Structures are given as C-alpha cells and as structure tokens.
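Structure data follow from model-v2.txt (compact mmCIF, C-alpha atoms):
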```txt
# COMPACT_ATOMS: atom_id res chain seq x y z
CA MET A 1 134.04 107.02 138.59
CA CYS A 2 134.79 106.99 134.86
CA ASP A 3 136.72 104.53 132.72
CA PRO A 4 138.76 106.74 130.35
CA THR A 5 139.35 103.92 127.90
CA SER A 6 135.74 102.87 127.43
CA GLY A 7 134.03 106.15 128.20
CA HIS A 8 131.76 104.41 130.71
CA CYS A 9 130.92 106.56 133.69
CA ASP A 10 128.67 106.68 136.70
CA ALA A 11 125.92 109.16 137.45
CA ALA A 12 128.35 112.05 137.89
CA GLY A 13 128.50 112.42 134.10
CA PRO A 14 130.31 111.06 131.05
CA ALA A 15 134.07 110.64 130.94
CA PRO A 16 135.84 113.74 129.57
CA PHE A 17 136.96 112.06 126.33
CA ALA A 18 133.55 110.51 125.70
CA ARG A 19 131.90 113.87 126.34
CA GLY A 20 134.27 115.64 123.95
CA LEU A 21 133.68 113.11 121.20
CA GLY A 22 129.93 113.49 121.61
CA GLU A 23 130.18 117.28 121.35
CA ILE A 24 132.14 117.04 118.12
CA ARG A 25 129.68 114.55 116.61
CA ALA A 26 126.75 116.76 117.61
CA GLY A 27 128.35 119.81 115.99
CA ARG A 28 128.60 121.85 119.19
CA ARG A 29 132.29 122.31 118.47
CA THR A 30 134.66 121.66 115.63
CA VAL A 31 138.12 120.18 115.30
CA LEU A 32 141.03 122.15 113.92
CA THR A 33 144.18 120.21 113.08
CA ALA A 34 147.57 121.77 113.69
CA ALA A 35 149.51 121.41 110.46
CA ALA A 36 152.92 121.06 112.07
CA SER A 37 152.20 117.85 113.96
CA GLY A 38 148.72 116.64 113.08
CA LEU A 39 147.55 117.30 116.66
CA ALA A 40 143.87 118.07 117.00
CA PHE A 41 142.41 121.03 118.87
CA SER A 42 138.74 121.56 119.57
CA THR A 43 137.33 125.06 119.28
CA VAL A 44 134.02 126.88 119.41
CA ALA A 45 131.86 125.58 116.56
CA GLY A 46 131.72 127.84 113.52
CA LEU A 47 134.68 130.05 114.42
CA GLU A 48 137.74 129.96 112.18
CA PRO A 49 141.21 131.03 113.36
CA ALA A 50 141.24 134.20 111.23
CA ALA A 51 137.89 135.32 112.60
CA LEU A 52 138.97 134.63 116.16
CA ALA A 53 142.21 136.57 115.74
CA ALA A 54 140.26 139.58 114.51
CA ARG A 55 138.10 139.80 117.63
CA ALA A 56 140.72 141.71 119.64
CA SER A 57 143.59 143.90 118.52
CA THR A 58 145.94 143.77 121.53
CA ARG A 59 149.34 142.19 120.96
CA LYS A 60 149.61 141.19 124.61
CA ARG A 61 149.98 137.49 125.32
CA ALA A 62 150.01 135.63 128.62
CA TYR A 63 151.25 132.08 129.10
CA VAL A 64 150.85 130.11 132.32
CA LEU A 65 153.15 127.08 132.56
CA VAL A 66 152.46 124.73 135.46
CA VAL A 67 155.36 122.37 136.13
CA ASP A 68 153.18 119.96 138.07
CA GLY A 69 154.61 118.87 141.41
CA CYS A 70 157.88 120.83 141.11
CA ARG A 71 159.70 121.75 144.30
CA PRO A 72 161.18 125.28 144.44
CA GLU A 73 164.69 124.06 145.26
CA GLU A 74 164.70 121.97 142.08
CA ILE A 75 165.02 125.14 140.03
CA ASP A 76 168.44 125.64 141.69
CA SER A 77 169.50 122.03 141.25
CA GLY A 78 171.47 122.56 138.03
CA LEU A 79 168.98 120.36 136.18
CA THR A 80 166.75 123.18 134.93
CA PRO A 81 168.87 125.95 133.32
CA ASN A 82 166.01 127.25 131.16
CA LEU A 83 163.61 127.57 134.07
CA LEU A 84 166.37 129.20 136.11
CA ALA A 85 167.01 131.74 133.33
CA LEU A 86 163.30 132.58 133.22
CA ARG A 87 163.27 133.05 137.00
CA GLU A 88 166.42 135.17 137.15
CA GLY A 89 165.31 137.31 134.21
CA GLY A 90 161.89 138.06 135.65
CA VAL A 91 159.98 138.58 138.90
CA HIS A 92 160.75 135.87 141.45
CA HIS A 93 158.48 135.09 144.42
CA PRO A 94 160.57 132.83 146.70
CA ARG A 95 157.86 132.74 149.42
CA ALA A 96 155.24 131.14 147.16
CA THR A 97 152.90 128.35 148.26
CA SER A 98 150.04 126.26 147.03
CA MET A 99 146.82 126.28 149.05
CA PRO A 100 144.89 123.57 150.93
CA VAL A 101 144.28 120.95 149.88
CA MET A 102 147.67 120.86 148.14
CA GLU A 103 146.42 118.79 145.22
CA THR A 104 146.34 119.26 141.44
CA ILE A 105 142.70 119.98 140.66
CA PRO A 106 141.98 122.53 143.42
CA ASN A 107 145.17 124.49 142.83
CA HIS A 108 144.67 124.64 139.07
CA THR A 109 141.15 125.94 139.60
CA MET A 110 142.49 128.47 142.12
CA MET A 111 144.97 129.65 139.49
CA MET A 112 142.27 130.33 136.93
CA THR A 113 139.57 131.69 139.28
CA GLY A 114 141.69 133.58 141.81
CA VAL A 115 139.42 132.37 144.64
CA ARG A 116 139.59 129.76 147.40
CA PRO A 117 137.67 126.45 147.34
CA ASP A 118 134.81 127.70 149.51
CA ARG A 119 133.89 129.93 146.55
CA SER A 120 134.88 127.66 143.67
CA GLY A 121 133.43 124.39 144.98
CA VAL A 122 136.68 122.48 144.30
CA PRO A 123 138.57 121.61 147.54
CA ALA A 124 140.47 118.45 146.56
CA ASN A 125 141.05 115.87 143.84
CA ALA A 126 138.76 113.28 145.42
CA VAL A 127 135.64 113.98 147.47
CA TYR A 128 132.68 112.07 148.83
CA ASP A 129 129.66 113.09 146.79
CA ARG A 130 126.81 112.95 149.27
CA ALA A 131 124.19 113.14 146.52
CA LEU A 132 125.66 110.13 144.68
CA GLY A 133 126.72 108.34 147.85
CA GLU A 134 130.21 107.61 146.56
CA ILE A 135 133.76 108.94 146.35
CA ARG A 136 134.59 110.53 143.02
CA THR A 137 137.12 112.73 141.27
CA LEU A 138 136.17 116.37 140.68
CA ASP A 139 136.54 116.14 136.90
CA GLN A 140 133.23 117.53 135.65
CA PRO A 141 132.83 121.11 134.31
CA SER A 142 129.88 121.66 136.66
CA ASP A 143 132.13 120.99 139.67
CA LEU A 144 133.78 124.39 139.13
CA ARG A 145 131.20 127.01 140.11
CA PHE A 146 133.16 130.27 139.87
CA PRO A 147 133.92 132.10 136.59
CA THR A 148 137.51 131.68 135.43
CA VAL A 149 139.74 134.34 133.92
CA ILE A 150 139.49 132.22 130.76
CA GLU A 151 135.76 132.88 130.41
CA ARG A 152 136.10 136.49 131.40
CA LEU A 153 138.73 137.12 128.71
CA ASN A 154 136.50 135.38 126.19
CA ARG A 155 133.68 137.79 127.02
CA ARG A 156 136.07 140.67 126.33
CA GLY A 157 136.60 139.32 122.81
CA LEU A 158 140.01 137.80 123.50
CA THR A 159 140.84 134.17 122.74
CA THR A 160 142.09 131.55 125.15
CA GLY A 161 143.59 128.07 125.04
CA THR A 162 144.09 125.18 127.44
CA VAL A 163 146.78 122.52 126.96
CA LEU A 164 146.31 120.31 130.00
CA SER A 165 148.18 117.03 130.17
CA LYS A 166 145.90 115.33 132.68
CA GLU A 167 142.52 113.84 131.87
CA TYR A 168 140.79 115.21 134.96
CA LEU A 169 142.06 118.74 134.30
CA TYR A 170 140.79 118.54 130.75
CA GLY A 171 137.51 117.36 132.27
CA ILE A 172 136.92 120.06 134.87
CA PHE A 173 137.87 122.98 132.61
CA GLY A 174 135.54 121.59 129.97
CA GLU A 175 134.55 124.01 127.20
CA ARG A 176 135.68 127.17 128.94
CA ALA A 177 138.61 127.97 126.65
CA THR A 178 138.21 129.07 123.03
CA HIS A 179 140.62 126.30 121.99
CA ARG A 180 141.32 123.08 123.85
CA TRP A 181 143.77 120.26 123.34
CA GLU A 182 142.47 116.84 124.31
CA PRO A 183 145.55 115.16 125.86
CA PHE A 184 146.94 112.33 123.75
CA PRO A 185 148.52 109.84 123.95
CA ILE A 186 147.56 108.99 127.51
CA VAL A 187 149.98 106.95 129.60
CA PRO A 188 148.11 104.00 131.17
CA ILE A 189 147.47 104.27 134.91
CA SER A 190 148.95 107.78 135.18
CA GLY A 191 146.15 109.32 133.12
CA HIS A 192 148.37 111.97 131.57
CA ALA A 193 150.04 112.80 128.26
CA PRO A 194 153.86 113.01 128.27
CA ASP A 195 155.37 116.49 128.27
CA ASP A 196 156.86 116.07 124.79
CA PHE A 197 153.35 115.81 123.35
CA THR A 198 151.96 118.51 125.63
CA MET A 199 154.61 121.03 124.61
CA ARG A 200 154.25 120.12 120.94
CA ALA A 201 150.53 120.86 121.27
CA THR A 202 151.32 124.15 123.04
CA LEU A 203 153.67 125.33 120.29
CA ASP A 204 151.25 124.28 117.56
CA MET A 205 148.33 126.02 119.27
CA ILE A 206 150.36 129.21 119.58
CA GLY A 207 151.62 129.03 116.01
CA GLU A 208 148.29 128.25 114.37
CA LEU A 209 145.71 129.86 116.66
CA ASP A 210 147.72 132.41 118.71
CA PRO A 211 145.42 132.71 121.77
CA HIS A 212 145.87 135.71 124.05
CA LEU A 213 146.04 133.41 127.08
CA VAL A 214 147.35 129.83 127.06
CA PHE A 215 147.13 127.70 130.22
CA VAL A 216 149.50 124.70 130.16
CA ASN A 217 149.96 121.77 132.54
CA LEU A 218 153.19 119.78 132.19
CA GLY A 219 152.63 116.56 134.12
CA ASP A 220 155.78 114.45 133.83
CA VAL A 221 157.62 115.75 136.92
CA ASP A 222 154.60 115.01 139.07
CA ARG A 223 153.73 111.63 137.58
CA LEU A 224 157.27 110.27 137.66
CA GLY A 225 157.73 111.70 141.14
CA HIS A 226 154.68 109.79 142.39
CA THR A 227 156.06 106.43 141.34
CA ASP A 228 159.76 107.05 141.96
CA LEU A 229 160.81 104.39 144.46
CA THR A 230 164.18 106.15 144.83
CA GLY A 231 162.49 109.27 146.20
CA PRO A 232 162.81 108.50 149.92
CA THR A 233 166.53 107.83 149.48
CA THR A 234 166.99 111.31 147.94
CA LEU A 235 168.15 109.80 144.62
CA GLU A 236 164.88 110.64 142.85
CA ALA A 237 166.33 109.24 139.64
CA ALA A 238 163.20 109.17 137.46
CA ARG A 239 162.12 112.59 138.69
CA LYS A 240 165.48 114.12 137.81
CA LEU A 241 165.21 112.78 134.28
CA ALA A 242 161.75 114.31 134.03
CA LEU A 243 163.04 117.68 135.27
CA VAL A 244 165.79 117.72 132.65
CA ASN A 245 163.40 116.89 129.83
CA THR A 246 160.68 119.32 130.93
CA ASP A 247 163.26 122.08 131.23
CA ARG A 248 164.46 121.34 127.68
CA LEU A 249 160.88 121.74 126.45
CA VAL A 250 160.50 125.04 128.31
CA GLY A 251 163.64 126.20 126.51
CA ASP A 252 162.01 125.30 123.18
CA PHE A 253 158.93 127.27 124.23
CA VAL A 254 160.93 130.41 125.08
CA ALA A 255 162.91 130.11 121.84
CA GLU A 256 159.68 129.97 119.83
CA LEU A 257 158.28 133.07 121.55
CA LYS A 258 161.48 134.96 120.76
CA SER A 259 161.83 133.80 117.16
CA SER A 260 158.17 134.54 116.40
CA GLY A 261 158.32 138.08 117.83
CA ARG A 262 155.85 137.31 120.62
CA TRP A 263 158.34 137.52 123.49
CA GLU A 264 158.40 141.32 123.79
CA HIS A 265 154.60 141.41 124.12
CA SER A 266 154.30 138.49 126.55
CA ILE A 267 154.37 137.49 130.19
CA VAL A 268 155.18 133.91 131.14
CA ILE A 269 153.96 132.82 134.57
CA VAL A 270 155.73 129.67 135.79
CA LEU A 271 154.65 127.88 138.95
CA ALA A 272 153.69 124.54 140.43
CA ASP A 273 150.38 123.45 141.87
CA HIS A 274 152.10 121.73 144.83
CA SER A 275 155.43 120.09 145.54
CA MET A 276 156.12 116.44 146.46
CA ASP A 277 156.94 114.39 149.54
CA TRP A 278 158.06 110.75 149.72
CA SER A 279 157.33 108.05 152.26
CA TYR A 280 158.67 104.61 153.07
CA PRO A 281 156.31 101.58 152.96
CA ASP A 282 156.18 101.46 156.76
CA ARG A 283 155.04 105.08 157.09
CA ILE A 284 151.43 104.68 156.08
CA VAL A 285 148.45 106.21 157.87
CA SER A 286 145.05 104.53 157.62
CA LEU A 287 142.19 106.07 159.57
CA GLN A 288 139.52 103.58 158.54
CA GLY A 289 140.35 101.10 161.29
CA PRO A 290 140.71 103.47 164.24
CA LEU A 291 137.51 105.34 163.36
CA SER A 292 135.56 102.11 162.80
CA GLU A 293 136.51 100.90 166.27
CA ASP A 294 134.58 103.78 167.82
CA PRO A 295 130.96 102.62 168.45
CA PHE A 296 129.56 106.09 167.80
CA LEU A 297 131.32 106.45 164.43
CA ALA A 298 131.25 102.87 163.13
CA ASP A 299 129.52 102.66 159.72
CA ARG A 300 128.72 106.38 159.87
CA PHE A 301 131.68 107.96 158.10
CA VAL A 302 133.40 107.96 154.71
CA ILE A 303 137.01 108.88 153.92
CA ALA A 304 138.16 110.50 150.65
CA ASP A 305 141.89 109.81 150.45
CA ASN A 306 144.00 112.56 148.85
CA GLY A 307 147.49 111.18 149.49
CA GLY A 308 148.72 113.68 152.03
CA ALA A 309 145.24 114.58 153.27
CA ASP A 310 142.18 112.60 154.31
CA LEU A 311 138.75 114.21 154.05
CA VAL A 312 136.41 112.59 156.59
CA TYR A 313 132.65 112.84 156.12
CA PHE A 314 130.18 112.05 158.90
CA THR A 315 127.13 110.36 157.40
CA GLY A 316 124.99 110.26 160.52
CA PRO A 317 122.30 112.79 161.57
CA ARG A 318 123.17 116.46 161.26
CA SER A 319 122.23 116.94 164.91
CA GLU A 320 125.18 114.69 165.89
CA ARG A 321 127.72 116.31 163.61
CA ASP A 322 129.53 118.40 166.24
CA LYS A 323 129.97 115.37 168.50
CA ALA A 324 131.23 113.35 165.54
CA VAL A 325 133.74 116.01 164.58
CA ARG A 326 135.18 116.08 168.09
CA ARG A 327 135.54 112.29 168.16
CA ILE A 328 137.06 112.08 164.67
CA ARG A 329 139.60 114.76 165.49
CA ARG A 330 140.54 113.14 168.79
CA ILE A 331 140.94 109.64 167.35
CA ALA A 332 142.79 110.79 164.23
CA SER A 333 145.20 112.94 166.23
CA ASP A 334 146.37 109.86 168.16
CA VAL A 335 147.24 107.87 165.02
CA PRO A 336 151.00 107.75 164.27
CA GLY A 337 151.94 109.85 161.25
CA VAL A 338 149.07 112.33 161.61
CA LEU A 339 150.15 115.96 161.75
CA LYS A 340 146.83 117.62 162.57
CA ALA A 341 143.10 116.98 162.33
CA TRP A 342 141.07 120.11 161.63
CA ASP A 343 137.40 120.89 161.80
CA ARG A 344 136.65 121.73 158.18
CA ARG A 345 134.98 124.95 159.34
CA ALA A 346 138.30 126.38 160.57
CA ASP A 347 138.51 129.88 159.11
CA TRP A 348 141.93 129.47 157.54
CA LEU A 349 141.06 126.33 155.56
CA ARG A 350 138.22 127.83 153.49
CA LEU A 351 137.47 124.51 151.84
CA GLY A 352 133.68 124.55 151.74
CA PRO A 353 131.17 121.77 152.51
CA GLU A 354 132.38 119.59 149.63
CA SER A 355 135.45 118.77 151.74
CA GLY A 356 133.45 117.00 154.43
CA ASP A 357 133.62 117.50 158.18
CA VAL A 358 137.22 116.86 159.26
CA VAL A 359 140.41 117.46 157.25
CA VAL A 360 143.39 115.42 158.41
CA PHE A 361 146.96 116.13 157.26
CA CYS A 362 149.82 113.67 157.58
CA GLN A 363 153.36 114.44 158.70
CA ALA A 364 156.22 114.84 156.25
CA GLY A 365 157.50 111.46 155.12
CA TRP A 366 154.12 109.76 155.61
CA ARG A 367 151.12 109.10 153.39
CA PHE A 368 147.46 108.22 153.83
CA SER A 369 146.12 104.97 152.47
CA ASP A 370 142.39 104.54 152.97
CA PRO A 371 140.19 102.60 153.23
CA ASP A 372 143.07 100.14 153.86
CA VAL A 373 146.87 100.09 153.81
CA TYR A 374 146.88 98.64 150.28
CA SER A 375 144.82 101.43 148.73
CA ASN A 376 147.70 103.87 148.11
CA PRO A 377 150.91 102.06 147.09
CA ILE A 378 152.72 105.06 145.58
CA PRO A 379 155.65 106.57 147.55
CA GLY A 380 155.34 110.15 146.27
CA ASN A 381 152.37 112.14 147.58
CA HIS A 382 151.14 115.65 148.23
CA GLY A 383 148.16 117.38 149.80
CA HIS A 384 149.77 117.95 153.22
CA PRO A 385 151.65 121.03 154.49
CA ALA A 386 155.05 119.51 153.65
CA THR A 387 154.11 120.04 149.99
CA ARG A 388 153.01 123.67 150.21
CA ALA A 389 156.18 125.38 148.92
CA ILE A 390 156.23 125.93 145.16
CA PRO A 391 158.25 127.84 142.56
CA PHE A 392 156.49 130.99 141.33
CA PHE A 393 158.04 133.49 138.93
CA ILE A 394 157.01 135.70 136.03
CA GLY A 395 159.21 136.07 132.97
CA GLY A 396 158.69 137.41 129.49
CA GLY A 397 159.75 140.39 127.47
CA HIS A 398 156.80 142.70 128.14
CA ARG A 399 157.67 145.94 129.91
CA ALA A 400 155.40 144.93 132.82
CA VAL A 401 158.05 142.38 133.83
CA THR A 402 160.91 143.79 135.93
CA PRO A 403 164.06 141.74 135.20
CA GLY A 404 165.83 140.40 138.26
CA LYS A 405 163.21 141.51 140.77
CA VAL A 406 162.84 139.39 143.93
CA SER A 407 159.61 139.97 145.82
CA PRO A 408 159.39 139.52 149.62
CA ARG A 409 155.63 138.98 149.45
CA HIS A 410 153.84 135.68 149.95
CA ALA A 411 152.57 134.59 146.52
CA ARG A 412 149.91 131.91 146.18
CA THR A 413 148.27 129.90 143.44
CA THR A 414 145.24 132.20 143.78
CA ASP A 415 147.41 135.06 142.45
CA VAL A 416 147.56 133.82 138.85
CA ALA A 417 144.10 134.96 137.73
CA PRO A 418 144.48 138.44 139.29
CA THR A 419 147.88 138.81 137.59
CA VAL A 420 146.54 137.76 134.18
CA GLY A 421 143.41 139.86 134.63
CA ALA A 422 145.38 142.98 135.57
CA PHE A 423 147.73 142.44 132.62
CA PHE A 424 144.78 142.51 130.21
CA GLY A 425 142.92 145.29 132.05
CA LEU A 426 140.10 143.16 133.45
CA LYS A 427 138.24 144.36 136.52
CA PRO A 428 138.03 141.88 139.42
CA PRO A 429 135.02 139.54 139.38
CA ARG A 430 131.97 140.14 141.54
CA GLY A 431 133.03 139.71 145.16
CA GLY A 432 136.67 140.29 144.24
CA TYR A 433 139.61 137.93 144.11
CA ASP A 434 141.12 136.10 147.05
CA GLY A 435 144.51 136.46 145.37
CA LYS A 436 146.49 139.54 144.27
CA PRO A 437 148.29 140.66 141.09
CA ARG A 438 152.00 139.82 141.34
CA LEU A 439 153.67 141.91 138.63
```
Final structure tokens representation of the file:
Amino acid sequence: MCDPTSGHCDAAGPAPFARGLGEIRAGRRTVLTAAASGLAFSTVAGLEPAALAARASTRKRAYVLVVDGCRPEEIDSGLTPNLLALREGGVHHPRATSMPVMETIPNHTMMMTGVRPDRSGVPANAVYDRALGEIRTLDQPSDLRFPTVIERLNRRGLTTGTVLSKEYLYGIFGERATHRWEPFPIVPISGHAPDDFTMRATLDMIGELDPHLVFVNLGDVDRLGHTDLTGPTTLEAARKLALVNTDRLVGDFVAELKSSGRWEHSIVIVLADHSMDWSYPDRIVSLQGPLSEDPFLADRFVIADNGGADLVYFTGPRSERDKAVRRIRRIASDVPGVLKAWDRRADWLRLGPESGDVVVFCQAGWRFSDPDVYSNPIPGNHGHPATRAIPFFIGGGHRAVTPGKVSPRHARTTDVAPTVGAFFGLKPPRGGYDGKPRL
C-alpha cells in the first residue's frame, strides 16, 4: 500500500500525489491556478484554457455530483432542501441502486464506464493482488481497464474535468480528464478533502476552464457517517451536520450555474455510490478464525475486507478450487452475522477474477473485521445489500430534462455513462454498455 504523506509505495506503483508531482516536474502536464481561490488544477501539458474551449462548439454541459454514501430517504429528511429541489424539478428514479460490491471505487468506475466490474477490472475497494501477493487498494490508473466516457468525450474534442475528494479516486482516474483537481487539504486518516474545498474547486474549474463534463465526488457525508458513533442509535449527529453543509454547497453550485447562464444548457446528475449501514461493537463478523480452523483451508486463503463484504481468495492449487469454494461457503454461512456466501462466478455478481473465489455479504447492522476483530473499528460500513439503495435524479435546465418526472424503472450506477454519452451524442462503446440512458 501507499503512504500518502511520504509518497512511499509498494510495487503496485507510486502514490497518487507522488505520481502527480512527478508528472508536473517532468513536463507531462502543467498546472493552472484558479484565480478565485488559488486552487491548482492539472491539465494536459501545452494546452491553454482558450485553446481547449475552442475545440468544441456545443453549449451543452453535464455535471455529475456524487454525494458519497447518501441514503435516498435523507433527501426527504428536511435537511437537504437544495437537493430536494433538484430532485423535484427533474427526473427522479426512486428505484435506484448501487451495484456489487457496494463500495466507492467500483461504483464510481461503473458510473464513468457504464459497465460492470467483470469488464472494468474494478470489483471492490480492496482486493488481494495475486501477482504482488498482498492486499491493496485499487487506486492505480491501470486498474481500470475499460474506456470511460471521460476519455471518449475527449476524443470527440470536448473537455472534461474531475473534482474527486478522495485520494484513491484521484488515483484510479489518473490522467483521463482534461483537467483534474488534486484534492487538498486532506483530512488525516479519512484520506479525503472536505466538501467546502471540493465545491470551491468545482466552481473555480467551471468558471475558469468550463469543461463540458465535470465529475465531482463530495465525500463528507460518507466519511462522517463512517465514524459516527451515534449512527446505530439513529441520532447520526455528525452525519446530519454533513448533510446540511453539503446541501448548502449544492445550492451554491446551482446558483452559479443559473447566474452564469449555464443552467439552461446543462444536465445535473445527482446520485450516491452506495448508502450506509451502522453496527454495534458486538455485531462484528470475522471469517479468519473459522476458515483457519478447517484443515483443508488453513494457510491457503486470504481475505480482502470491504466493510460489508469479504472477498475470499483460495491460494492453493487450481485443481482444488471448487472444493475450496464449497468449504468456504459452507463455513462462512454458519458464522453469525453472515447474510450469504456466493461463489464469485454466480452470474448476477459479474465481479470478475479480481474479486477472488467467494464473496461474502454481512447482514444489516453487522460489519466484517478481518483478519481479526480489531481490524475494522468503524461503526458505519457499506458493501453489503443493506447499502444498495441510493438517490438518483437528473436536474438542470436543458430541454432534455422533464421537470417533475418520476420514473418507475430500476436505475443503477452503470446508467451514468450511457446518460452522459447519449446527451452528447456519443455512440455506445465497443461491446455496448451494461447500463442505460435515463433521461
């Protein structure tokens, strides 16, 4: 894994910040400073804002705002009037869900590719890298193997921007966007930039560089939800404060689009990558012990813990894999707090070989903590089916948006790229999307 403060990293590659600094020093990209706040954006080397703006004449703009970890019912809580106004004034998809594994990195990559993890190569936040022989975060650009709508718009001559509050999201999307904000300042331990800074960067990027597509991750609701000890009691005090503040910033964003004349040419897609579930300290699932007690499996498996989901990898001979899968599923299913243990090859999962051999989900109100019960101390988690439901709605002033429309269809995170692509007239990628346009 990488140390974001020192830039030291293992064989998987350099830390995102260290890599970015090296690219700037080597001249592969340049830094443009937003005059309003002094925030720095990196962009393709040698391209100035005026030249980039001239590459395409369309006035269409698309903005994707991810309120990380938001639950759909929170939009109706009275805490988020600006988000509610966007939802009620646009196209609302009340049956929306994230996709397995219900974690941040895979669902953000599904948004921008429109395909499931078996095609993108990104099934979870943390995986066991068989080549390296260790568990690592999927935070390298090479981990994402499918072209994103960002790159495809770039090839059409349009410009794109990413404003991603989390270090690992900045890492995996790499140099794909025309303009990128390197999140700063980073909150220790959480690894994310507060929403006030993220939204300031978003508004400055729009005002100075005006990309056709801007992809934004607002991380406060998720990060405060993870550590909110009042969550299991339904108080969720810190999370509610985060919701109020993030909603205020969304209001500032909408106001800027309207005052600048962009609103009538824009769509604004608002969704979450997953929701959140809380557990008490006595509702912890650890599979390391039960699996180690089996003589056939002992010392021949590795677990990548993803909060609400454990990915179990059999490290023994391939010829014994099927037997191992049966034993892992049987043992895991008997552990209190486990909802279901699936053979990774189950058709509906579509997670790909990077996700290991068995995928285990916990029940609502529980969390995984592996390799021991002290490994995951945070009460708020996601990754399991209890965290599938998400808000998903499309606002904006463009005529493609039908005000007040409520769709009965099941929207998914994979639908973002097809929606953006259709809005700009892009054909589907080779092999098609797994998602569908939702306007």
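You will find CA of Glu264 in chain A at 10.2 Å from CA of Ala400 in chain A.
Residue nearest Gln140 in chain A within the list A:His382, A:Arg116, A:Arg176, A:Arg388: A:Arg176 [criterion: smallest interatomic distance, only C-alpha atoms].
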* Given the choices A:Glu354, A:Asp343, A:Asp294, A:Glu236, which gets closest to Ile331 in chain A if the distance is worked out from only C-alpha atoms? -> A:Asp294
* Pick out the closest residue to Glu208 in chain A from this set: A:Arg87, A:Leu164, A:Val312, A:Ala40. Count all atoms listed in the file. => A:Ala40
Given all atoms listed in the file, how would the per-residue table for range 369-405 of chain A near range 103-112 of chain A read, listing every residue at most 12 Å away with its closest atom pair and distance in Å to one decimal, sorted by chain and number, as JSON lines?
```
{"residue": "A:Asn381", "atom": "CA", "partner": "A:Glu103", "partner_atom": "CA", "distance": 9.2}
{"residue": "A:His382", "atom": "CA", "partner": "A:Glu103", "partner_atom": "CA", "distance": 6.4}
{"residue": "A:Gly383", "atom": "CA", "partner": "A:Glu103", "partner_atom": "CA", "distance": 5.1}
{"residue": "A:His384", "atom": "CA", "partner": "A:Glu103", "partner_atom": "CA", "distance": 8.7}
{"residue": "A:Pro385", "atom": "CA", "partner": "A:Glu103", "partner_atom": "CA", "distance": 10.9}
{"residue": "A:Thr387", "atom": "CA", "partner": "A:Glu103", "partner_atom": "CA", "distance": 9.1}
{"residue": "A:Arg388", "atom": "CA", "partner": "A:Glu103", "partner_atom": "CA", "distance": 9.6}
{"residue": "A:Ile390", "atom": "CA", "partner": "A:Asn107", "partner_atom": "CA", "distance": 11.4}
{"residue": "A:Phe392", "atom": "CA", "partner": "A:Met111", "partner_atom": "CA", "distance": 11.7}
```
Expected file: the selected residues, C-alpha atoms, as an mmCIF file, in the coordinates of the input:
```
data_model
loop_
_atom_site.group_PDB
_atom_site.id
_atom_site.type_symbol
_atom_site.label_atom_id
_atom_site.label_comp_id
_atom_site.auth_asym_id
_atom_site.auth_seq_id
_atom_site.Cartn_x
_atom_site.Cartn_y
_atom_site.Cartn_z
ATOM 1 C CA ASN A 381 152.370 112.140 147.580
ATOM 2 C CA HIS A 382 151.140 115.650 148.230
ATOM 3 C CA GLY A 383 148.160 117.380 149.800
ATOM 4 C CA HIS A 384 149.770 117.950 153.220
ATOM 5 C CA PRO A 385 151.650 121.030 154.490
ATOM 6 C CA THR A 387 154.110 120.040 149.990
ATOM 7 C CA ARG A 388 153.010 123.670 150.210
ATOM 8 C CA ILE A 390 156.230 125.930 145.160
ATOM 9 C CA PHE A 392 156.490 130.990 141.330
#
```
* Asked: If you measure from CA of Ile135 in chain A to CA of His192 in chain A, what distance in Å do you get, rounded to one decimal?
  ->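 Separation of CA of Ile135 in chain A and CA of His192 in chain A: 21.0 Å.
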* For Asp196 in chain A, which residue out of A:Ala411, A:Ala131, A:Val214, A:Val250 is the nearest one, using only C-alpha atoms? ->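 Checking each candidate against Asp196 in chain A, we get A:Val250 as the closest.
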